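Each remark here refers to the structure printed beneath this line.
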Amino acid sequence: MSSLPLALSGVVKGPALLPIIQADTPAQAVDIAKALSGGGIGSVEVVLRTKDALAGITAIRKALPDLLVGAGTILSASDAIAARDAGAQFLVSPASTPKLLEAMIDCGLPFAPGVATPSEIAMAFEYGLTEVKFFPAHLSGGIEMLKALSSIFQQVRFCPTGGIGPHNLADFLALPNVFVAGGTWLTPAAMVKAGQWQQISQLAAQATAIANKLKAAA
């Protein structure tokens, strides 16, 4: 490993939200990013689940230079390197293995590895990581699980993703050990397919208002 891992919270911009972008083309990725940015979002995660995902990262960076753009679904060292070369400013993985953690550390970008169990959190902590992605949040115990983990892993903070929406966003963000919440609820597939960019901006604005209200009250 070439260096200590970099904290994702140190680079996240705007409200404590990390919406996911899954786009079929670079142009669509830019449209989604513009809609989210229009609703107050400052950081996005482009998932590597489509053939043009890397090109989408590059296109967003060019079109919206003030938006923080990361890459998700990092599963290997080659994914991490390809995402970095495409312009990704941070990395997110859905799971953790020693080899994957070492690859992301060596990549030199801030990142949050995916965890779902205490053992995975402990493994990440052994690598010096104190910020992780809790995924899938709703299937892994949700808010009650994060509360339970807080007393054991007092130095670890989480980015819960999976099953988060307007109905529980405030509850997740109110947890002291949550530094940002991610998910797809701000970019519904049906809205993306229909090009309903104004509606996506409205969803983003609603979530931003919730996040900012909690921050102001803290």
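Scheme for the structure tokens: letters A, B, ... for chains in order shown; per-chain residue numbers from 1; ligand numbers from 1 in order shown.
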
Residues near region 94-104 of chain A, cut-off 6 Å, only C-alpha atoms, skip fewer than 2 positions along chain, as a PyMOL selection string: chain A and resi 73+76-77+106-107+113-115

What does the file look like for those residues with N, CA and C atoms, as a short mmCIF file (atom, residue, chain, number, x, y, z; two decimals), in the first residue's frame?
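Everything below was put into part-v9.cif:
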data_model
loop_
_atom_site.label_atom_id
_atom_site.label_comp_id
_atom_site.auth_asym_id
_atom_site.auth_seq_id
_atom_site.Cartn_x
_atom_site.Cartn_y
_atom_site.Cartn_z
N THR A 73 -19.58 1.00 -7.62
CA THR A 73 -19.48 -0.39 -8.09
C THR A 73 -18.04 -0.75 -8.45
N SER A 76 -12.65 -4.12 -8.47
CA SER A 76 -11.30 -4.62 -8.71
C SER A 76 -10.32 -3.46 -8.83
N ALA A 77 -9.04 -3.79 -8.84
CA ALA A 77 -8.00 -2.78 -9.03
C ALA A 77 -8.15 -2.11 -10.39
N ASP A 106 -4.22 2.12 -2.80
CA ASP A 106 -3.13 2.39 -3.73
C ASP A 106 -3.53 3.35 -4.84
N CYS A 107 -4.82 3.40 -5.15
CA CYS A 107 -5.30 4.28 -6.21
C CYS A 107 -5.11 5.75 -5.84
N PRO A 113 -15.43 1.94 1.23
CA PRO A 113 -15.69 0.55 0.86
C PRO A 113 -17.01 0.08 1.45
N GLY A 114 -17.65 -0.85 0.77
CA GLY A 114 -18.93 -1.36 1.23
C GLY A 114 -18.78 -2.39 2.34
N VAL A 115 -19.62 -2.26 3.38
CA VAL A 115 -19.64 -3.22 4.47
C VAL A 115 -21.09 -3.51 4.84
#

Report as an mmCIF file with N, CA, C and O atoms, in the first residue's frame: the residues of region 68-203 of chain A with a DSSP assignment of helix (DSSP H, G or I), based on the backbone of this structure.
data_model
loop_
_atom_site.group_PDB
_atom_site.id
_atom_site.type_symbol
_atom_site.label_atom_id
_atom_site.label_comp_id
_atom_site.auth_asym_id
_atom_site.auth_seq_id
_atom_site.Cartn_x
_atom_site.Cartn_y
_atom_site.Cartn_z
ATOM 1 N N ALA A 77 -9.035 -3.795 -8.839
ATOM 2 C CA ALA A 77 -8.002 -2.779 -9.028
ATOM 3 C C ALA A 77 -8.146 -2.115 -10.388
ATOM 4 O O ALA A 77 -7.960 -0.900 -10.519
ATOM 5 N N SER A 78 -8.497 -2.896 -11.396
ATOM 6 C CA SER A 78 -8.655 -2.321 -12.736
ATOM 7 C C SER A 78 -9.817 -1.342 -12.779
ATOM 8 O O SER A 78 -9.753 -0.313 -13.468
ATOM 9 N N ASP A 79 -10.889 -1.639 -12.051
ATOM 10 C CA ASP A 79 -12.011 -0.696 -11.972
ATOM 11 C C ASP A 79 -11.553 0.619 -11.345
ATOM 12 O O ASP A 79 -11.906 1.702 -11.818
ATOM 13 N N ALA A 80 -10.803 0.517 -10.267
ATOM 14 C CA ALA A 80 -10.342 1.715 -9.558
ATOM 15 C C ALA A 80 -9.462 2.573 -10.453
ATOM 16 O O ALA A 80 -9.619 3.805 -10.528
ATOM 17 N N ILE A 81 -8.541 1.951 -11.154
ATOM 18 C CA ILE A 81 -7.624 2.688 -12.027
ATOM 19 C C ILE A 81 -8.375 3.307 -13.196
ATOM 20 O O ILE A 81 -8.154 4.470 -13.559
ATOM 21 N N ALA A 82 -9.286 2.537 -13.796
ATOM 22 C CA ALA A 82 -10.058 3.055 -14.932
ATOM 23 C C ALA A 82 -10.921 4.239 -14.509
ATOM 24 O O ALA A 82 -11.037 5.231 -15.241
ATOM 25 N N ALA A 83 -11.525 4.155 -13.331
ATOM 26 C CA ALA A 83 -12.355 5.253 -12.837
ATOM 27 C C ALA A 83 -11.510 6.499 -12.587
ATOM 28 O O ALA A 83 -11.908 7.613 -12.956
ATOM 29 N N ARG A 84 -10.363 6.323 -11.973
ATOM 30 C CA ARG A 84 -9.466 7.458 -11.725
ATOM 31 C C ARG A 84 -9.036 8.098 -13.041
ATOM 32 O O ARG A 84 -9.041 9.328 -13.176
ATOM 33 N N ASP A 85 -8.690 7.272 -14.010
ATOM 34 C CA ASP A 85 -8.239 7.796 -15.303
ATOM 35 C C ASP A 85 -9.364 8.508 -16.048
ATOM 36 O O ASP A 85 -9.104 9.390 -16.876
ATOM 37 N N ALA A 86 -10.612 8.127 -15.765
ATOM 38 C CA ALA A 86 -11.767 8.763 -16.413
ATOM 39 C C ALA A 86 -12.109 10.103 -15.764
ATOM 40 O O ALA A 86 -12.939 10.845 -16.298
ATOM 41 N N PRO A 98 -9.717 -7.880 1.337
ATOM 42 C CA PRO A 98 -8.385 -7.304 1.528
ATOM 43 C C PRO A 98 -7.750 -6.808 0.226
ATOM 44 O O PRO A 98 -7.187 -5.709 0.180
ATOM 45 N N LYS A 99 -7.872 -7.591 -0.827
ATOM 46 C CA LYS A 99 -7.275 -7.204 -2.106
ATOM 47 C C LYS A 99 -7.914 -5.938 -2.655
ATOM 48 O O LYS A 99 -7.232 -5.038 -3.172
ATOM 49 N N LEU A 100 -9.241 -5.825 -2.533
ATOM 50 C CA LEU A 100 -9.936 -4.653 -3.050
ATOM 51 C C LEU A 100 -9.601 -3.414 -2.218
ATOM 52 O O LEU A 100 -9.389 -2.327 -2.768
ATOM 53 N N LEU A 101 -9.544 -3.556 -0.907
ATOM 54 C CA LEU A 101 -9.195 -2.430 -0.056
ATOM 55 C C LEU A 101 -7.792 -1.911 -0.387
ATOM 56 O O LEU A 101 -7.569 -0.702 -0.485
ATOM 57 N N GLU A 102 -6.863 -2.825 -0.562
ATOM 58 C CA GLU A 102 -5.495 -2.424 -0.889
ATOM 59 C C GLU A 102 -5.435 -1.726 -2.239
ATOM 60 O O GLU A 102 -4.715 -0.733 -2.412
ATOM 61 N N ALA A 103 -6.215 -2.205 -3.194
ATOM 62 C CA ALA A 103 -6.230 -1.594 -4.522
ATOM 63 C C ALA A 103 -6.767 -0.178 -4.464
ATOM 64 O O ALA A 103 -6.235 0.733 -5.117
ATOM 65 N N MET A 104 -7.824 0.046 -3.686
ATOM 66 C CA MET A 104 -8.402 1.379 -3.613
ATOM 67 C C MET A 104 -7.492 2.338 -2.838
ATOM 68 O O MET A 104 -7.383 3.514 -3.179
ATOM 69 N N ILE A 105 -6.834 1.834 -1.813
ATOM 70 C CA ILE A 105 -5.865 2.666 -1.104
ATOM 71 C C ILE A 105 -4.739 3.073 -2.044
ATOM 72 O O ILE A 105 -4.334 4.240 -2.111
ATOM 73 N N ASP A 106 -4.223 2.116 -2.803
ATOM 74 C CA ASP A 106 -3.126 2.388 -3.732
ATOM 75 C C ASP A 106 -3.530 3.351 -4.837
ATOM 76 O O ASP A 106 -2.690 4.051 -5.399
ATOM 77 N N CYS A 107 -4.820 3.396 -5.146
ATOM 78 C CA CYS A 107 -5.297 4.282 -6.211
ATOM 79 C C CYS A 107 -5.114 5.747 -5.843
ATOM 80 O O CYS A 107 -4.988 6.610 -6.719
ATOM 81 N N PRO A 118 -20.321 -6.582 11.125
ATOM 82 C CA PRO A 118 -19.266 -6.129 12.025
ATOM 83 C C PRO A 118 -17.877 -6.620 11.607
ATOM 84 O O PRO A 118 -16.884 -5.889 11.757
ATOM 85 N N SER A 119 -17.797 -7.829 11.094
ATOM 86 C CA SER A 119 -16.493 -8.359 10.673
ATOM 87 C C SER A 119 -15.912 -7.551 9.523
ATOM 88 O O SER A 119 -14.699 -7.280 9.480
ATOM 89 N N GLU A 120 -16.756 -7.166 8.581
ATOM 90 C CA GLU A 120 -16.272 -6.355 7.460
ATOM 91 C C GLU A 120 -15.852 -4.968 7.933
ATOM 92 O O GLU A 120 -14.861 -4.405 7.439
ATOM 93 N N ILE A 121 -16.593 -4.400 8.878
ATOM 94 C CA ILE A 121 -16.213 -3.096 9.432
ATOM 95 C C ILE A 121 -14.875 -3.208 10.142
ATOM 96 O O ILE A 121 -13.998 -2.340 9.989
ATOM 97 N N ALA A 122 -14.694 -4.274 10.920
ATOM 98 C CA ALA A 122 -13.439 -4.479 11.632
ATOM 99 C C ALA A 122 -12.276 -4.630 10.667
ATOM 100 O O ALA A 122 -11.173 -4.112 10.913
ATOM 101 N N MET A 123 -12.497 -5.335 9.560
ATOM 102 C CA MET A 123 -11.442 -5.496 8.569
ATOM 103 C C MET A 123 -11.062 -4.157 7.962
ATOM 104 O O MET A 123 -9.869 -3.837 7.821
ATOM 105 N N ALA A 124 -12.063 -3.344 7.607
ATOM 106 C CA ALA A 124 -11.778 -2.022 7.055
ATOM 107 C C ALA A 124 -11.031 -1.169 8.073
ATOM 108 O O ALA A 124 -10.093 -0.437 7.720
ATOM 109 N N PHE A 125 -11.423 -1.271 9.331
ATOM 110 C CA PHE A 125 -10.784 -0.491 10.392
ATOM 111 C C PHE A 125 -9.315 -0.887 10.543
ATOM 112 O O PHE A 125 -8.459 -0.041 10.828
ATOM 113 N N GLU A 126 -9.015 -2.169 10.342
ATOM 114 C CA GLU A 126 -7.625 -2.634 10.415
ATOM 115 C C GLU A 126 -6.762 -1.977 9.339
ATOM 116 O O GLU A 126 -5.545 -1.837 9.519
ATOM 117 N N HIS A 138 -31.042 -1.136 4.215
ATOM 118 C CA HIS A 138 -32.338 -1.594 4.726
ATOM 119 C C HIS A 138 -32.362 -3.093 5.001
ATOM 120 O O HIS A 138 -33.062 -3.547 5.915
ATOM 121 N N LEU A 139 -31.609 -3.864 4.237
ATOM 122 C CA LEU A 139 -31.583 -5.315 4.425
ATOM 123 C C LEU A 139 -30.575 -5.744 5.480
ATOM 124 O O LEU A 139 -30.569 -6.903 5.898
ATOM 125 N N SER A 140 -29.727 -4.807 5.900
ATOM 126 C CA SER A 140 -28.671 -5.132 6.869
ATOM 127 C C SER A 140 -28.968 -4.583 8.264
ATOM 128 O O SER A 140 -28.075 -4.491 9.096
ATOM 129 N N GLY A 142 -30.623 -1.535 8.880
ATOM 130 C CA GLY A 142 -31.035 -0.145 8.812
ATOM 131 C C GLY A 142 -30.605 0.708 9.980
ATOM 132 O O GLY A 142 -29.498 0.579 10.522
ATOM 133 N N ILE A 143 -31.492 1.597 10.402
ATOM 134 C CA ILE A 143 -31.199 2.570 11.452
ATOM 135 C C ILE A 143 -30.855 1.880 12.768
ATOM 136 O O ILE A 143 -29.899 2.289 13.455
ATOM 137 N N GLU A 144 -31.586 0.850 13.141
ATOM 138 C CA GLU A 144 -31.329 0.167 14.409
ATOM 139 C C GLU A 144 -29.950 -0.502 14.405
ATOM 140 O O GLU A 144 -29.252 -0.525 15.426
ATOM 141 N N MET A 145 -29.538 -1.029 13.257
ATOM 142 C CA MET A 145 -28.215 -1.641 13.171
ATOM 143 C C MET A 145 -27.124 -0.582 13.316
ATOM 144 O O MET A 145 -26.131 -0.789 14.023
ATOM 145 N N LEU A 146 -27.305 0.563 12.682
ATOM 146 C CA LEU A 146 -26.316 1.633 12.793
ATOM 147 C C LEU A 146 -26.223 2.148 14.224
ATOM 148 O O LEU A 146 -25.143 2.496 14.701
ATOM 149 N N LYS A 147 -27.345 2.199 14.915
ATOM 150 C CA LYS A 147 -27.329 2.596 16.320
ATOM 151 C C LYS A 147 -26.532 1.587 17.149
ATOM 152 O O LYS A 147 -25.744 1.957 18.023
ATOM 153 N N ALA A 148 -26.748 0.311 16.887
ATOM 154 C CA ALA A 148 -26.035 -0.734 17.628
ATOM 155 C C ALA A 148 -24.538 -0.686 17.343
ATOM 156 O O ALA A 148 -23.711 -0.863 18.246
ATOM 157 N N LEU A 149 -24.179 -0.445 16.088
ATOM 158 C CA LEU A 149 -22.768 -0.404 15.702
ATOM 159 C C LEU A 149 -22.042 0.795 16.305
ATOM 160 O O LEU A 149 -20.828 0.758 16.498
ATOM 161 N N SER A 150 -22.789 1.857 16.608
ATOM 162 C CA SER A 150 -22.148 3.093 17.077
ATOM 163 C C SER A 150 -21.417 2.898 18.390
ATOM 164 O O SER A 150 -20.389 3.546 18.637
ATOM 165 N N SER A 151 -21.921 2.024 19.257
ATOM 166 C CA SER A 151 -21.265 1.823 20.548
ATOM 167 C C SER A 151 -20.032 0.933 20.436
ATOM 168 O O SER A 151 -19.130 1.008 21.276
ATOM 169 N N ILE A 152 -19.984 0.108 19.395
ATOM 170 C CA ILE A 152 -18.861 -0.811 19.209
ATOM 171 C C ILE A 152 -17.746 -0.153 18.399
ATOM 172 O O ILE A 152 -16.583 -0.159 18.789
ATOM 173 N N LEU A 169 -35.099 9.408 5.203
ATOM 174 C CA LEU A 169 -33.835 10.131 5.015
ATOM 175 C C LEU A 169 -33.444 10.902 6.270
ATOM 176 O O LEU A 169 -32.290 10.835 6.713
ATOM 177 N N ALA A 170 -34.377 11.646 6.835
ATOM 178 C CA ALA A 170 -34.067 12.455 8.021
ATOM 179 C C ALA A 170 -33.609 11.584 9.185
ATOM 180 O O ALA A 170 -32.695 11.955 9.933
ATOM 181 N N ASP A 171 -34.226 10.407 9.335
ATOM 182 C CA ASP A 171 -33.860 9.512 10.434
ATOM 183 C C ASP A 171 -32.435 8.989 10.271
ATOM 184 O O ASP A 171 -31.697 8.855 11.252
ATOM 185 N N PHE A 172 -32.056 8.672 9.038
ATOM 186 C CA PHE A 172 -30.689 8.213 8.793
ATOM 187 C C PHE A 172 -29.689 9.346 9.024
ATOM 188 O O PHE A 172 -28.674 9.165 9.707
ATOM 189 N N LEU A 173 -29.958 10.512 8.459
ATOM 190 C CA LEU A 173 -29.014 11.621 8.568
ATOM 191 C C LEU A 173 -28.900 12.144 9.998
ATOM 192 O O LEU A 173 -27.893 12.781 10.338
ATOM 193 N N ALA A 189 -35.448 5.277 -12.237
ATOM 194 C CA ALA A 189 -35.197 4.810 -13.601
ATOM 195 C C ALA A 189 -36.262 5.292 -14.576
ATOM 196 O O ALA A 189 -35.960 5.656 -15.716
ATOM 197 N N ALA A 190 -37.522 5.300 -14.142
ATOM 198 C CA ALA A 190 -38.607 5.718 -15.032
ATOM 199 C C ALA A 190 -38.471 7.192 -15.399
ATOM 200 O O ALA A 190 -38.713 7.582 -16.554
ATOM 201 N N MET A 191 -38.092 8.030 -14.439
ATOM 202 C CA MET A 191 -37.905 9.456 -14.727
ATOM 203 C C MET A 191 -36.723 9.685 -15.655
ATOM 204 O O MET A 191 -36.775 10.528 -16.550
ATOM 205 N N VAL A 192 -35.652 8.939 -15.413
ATOM 206 C CA VAL A 192 -34.472 9.066 -16.280
ATOM 207 C C VAL A 192 -34.827 8.658 -17.708
ATOM 208 O O VAL A 192 -34.487 9.355 -18.671
ATOM 209 N N LYS A 193 -35.519 7.547 -17.848
ATOM 210 C CA LYS A 193 -35.892 7.064 -19.176
ATOM 211 C C LYS A 193 -36.780 8.056 -19.904
ATOM 212 O O LYS A 193 -36.666 8.251 -21.124
ATOM 213 N N ALA A 194 -37.656 8.728 -19.148
ATOM 214 C CA ALA A 194 -38.589 9.692 -19.748
ATOM 215 C C ALA A 194 -37.986 11.081 -19.896
ATOM 216 O O ALA A 194 -38.623 11.975 -20.454
ATOM 217 N N TRP A 197 -36.287 15.713 -16.257
ATOM 218 C CA TRP A 197 -35.199 16.338 -15.508
ATOM 219 C C TRP A 197 -35.716 17.313 -14.444
ATOM 220 O O TRP A 197 -35.129 17.429 -13.364
ATOM 221 N N GLN A 198 -36.798 18.024 -14.730
ATOM 222 C CA GLN A 198 -37.353 18.948 -13.750
ATOM 223 C C GLN A 198 -37.864 18.213 -12.527
ATOM 224 O O GLN A 198 -37.687 18.669 -11.388
ATOM 225 N N GLN A 199 -38.472 17.061 -12.737
ATOM 226 C CA GLN A 199 -38.968 16.269 -11.614
ATOM 227 C C GLN A 199 -37.813 15.764 -10.755
ATOM 228 O O GLN A 199 -37.906 15.725 -9.522
ATOM 229 N N ILE A 200 -36.702 15.381 -11.409
ATOM 230 C CA ILE A 200 -35.529 14.935 -10.662
ATOM 231 C C ILE A 200 -34.946 16.100 -9.862
ATOM 232 O O ILE A 200 -34.535 15.938 -8.709
ATOM 233 N N SER A 201 -34.929 17.281 -10.452
ATOM 234 C CA SER A 201 -34.458 18.471 -9.729
ATOM 235 C C SER A 201 -35.323 18.732 -8.500
ATOM 236 O O SER A 201 -34.823 19.117 -7.435
ATOM 237 N N GLN A 202 -36.632 18.506 -8.635
ATOM 238 C CA GLN A 202 -37.542 18.720 -7.505
ATOM 239 C C GLN A 202 -37.277 17.712 -6.389
ATOM 240 O O GLN A 202 -37.286 18.070 -5.203
ATOM 241 N N LEU A 203 -37.041 16.454 -6.753
ATOM 242 C CA LEU A 203 -36.703 15.444 -5.750
ATOM 243 C C LEU A 203 -35.409 15.819 -5.034
ATOM 244 O O LEU A 203 -35.299 15.687 -3.802
#

### Task
Any chance you could list, as a PyMOL selection string, the residues in region 12-186 of chain A that come up strand (DSSP E or B) when DSSP is run on the backbone?
chain A and resi 17-21+43-47+68-72+91-92+111-112+114-115+131-134+157-161+178+181-183

Identify, on the basis of only C-alpha atoms, every residue whose closest approach to region 49-65 of chain A does not exceed 9 Å; exclude the query and any residue fewer than 6 positions from it along the same chain; express the result as a short mmCIF file (atom, residue, chain, number, x, y, z; two decimals) with C-alpha atoms, in the first residue's frame.
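As a result, result.cif now contains:
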data_model
loop_
_atom_site.label_atom_id
_atom_site.label_comp_id
_atom_site.auth_asym_id
_atom_site.auth_seq_id
_atom_site.Cartn_x
_atom_site.Cartn_y
_atom_site.Cartn_z
CA GLN A 22 -26.78 5.09 -13.75
CA ALA A 23 -26.76 6.26 -17.34
CA ASP A 24 -26.81 4.51 -20.71
CA THR A 25 -24.93 7.29 -22.52
CA PRO A 26 -22.55 10.11 -21.57
CA ALA A 27 -25.16 12.66 -22.66
CA GLN A 28 -27.74 11.09 -20.37
CA ALA A 29 -25.24 11.11 -17.50
CA VAL A 30 -24.74 14.84 -17.99
CA ASP A 31 -28.48 15.46 -18.10
CA ALA A 33 -26.08 15.41 -13.20
CA LYS A 34 -27.42 18.79 -14.31
CA SER A 37 -27.12 19.97 -9.43
CA ALA A 71 -17.35 6.19 -9.28
CA GLY A 72 -19.33 3.38 -7.66
CA THR A 73 -19.48 -0.39 -8.09
CA ALA A 82 -10.06 3.05 -14.93
CA ALA A 83 -12.36 5.25 -12.84
CA ASP A 85 -8.24 7.80 -15.30
CA ALA A 86 -11.77 8.76 -16.41
CA GLY A 87 -11.74 11.65 -13.94
CA ALA A 88 -13.43 10.17 -10.87
#

With distances taken over only C-alpha atoms, the candidate from A:Gln155, A:Asn168, A:Ser9, A:Asn212 nearest Trp185 (chain A) is A:Asn168

Taking only C-alpha atoms into account, name the residue in A:Ala216, A:Leu68, A:Leu17, A:Val92 that is nearest to Leu186 (chain A).
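Between A:Ala216, A:Leu68, A:Leu17, A:Val92, the residue approaching Leu186 (chain A) most closely is A:Leu17.
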
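Note that the spacing between CA of Glu45 (chain A) and CA of Thr187 (chain A) amounts to 11.4 Å.
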
Correct to one decimal, the distance CA of Val47 (chain A)-CA of Ile20 (chain A) is 6.8 Å
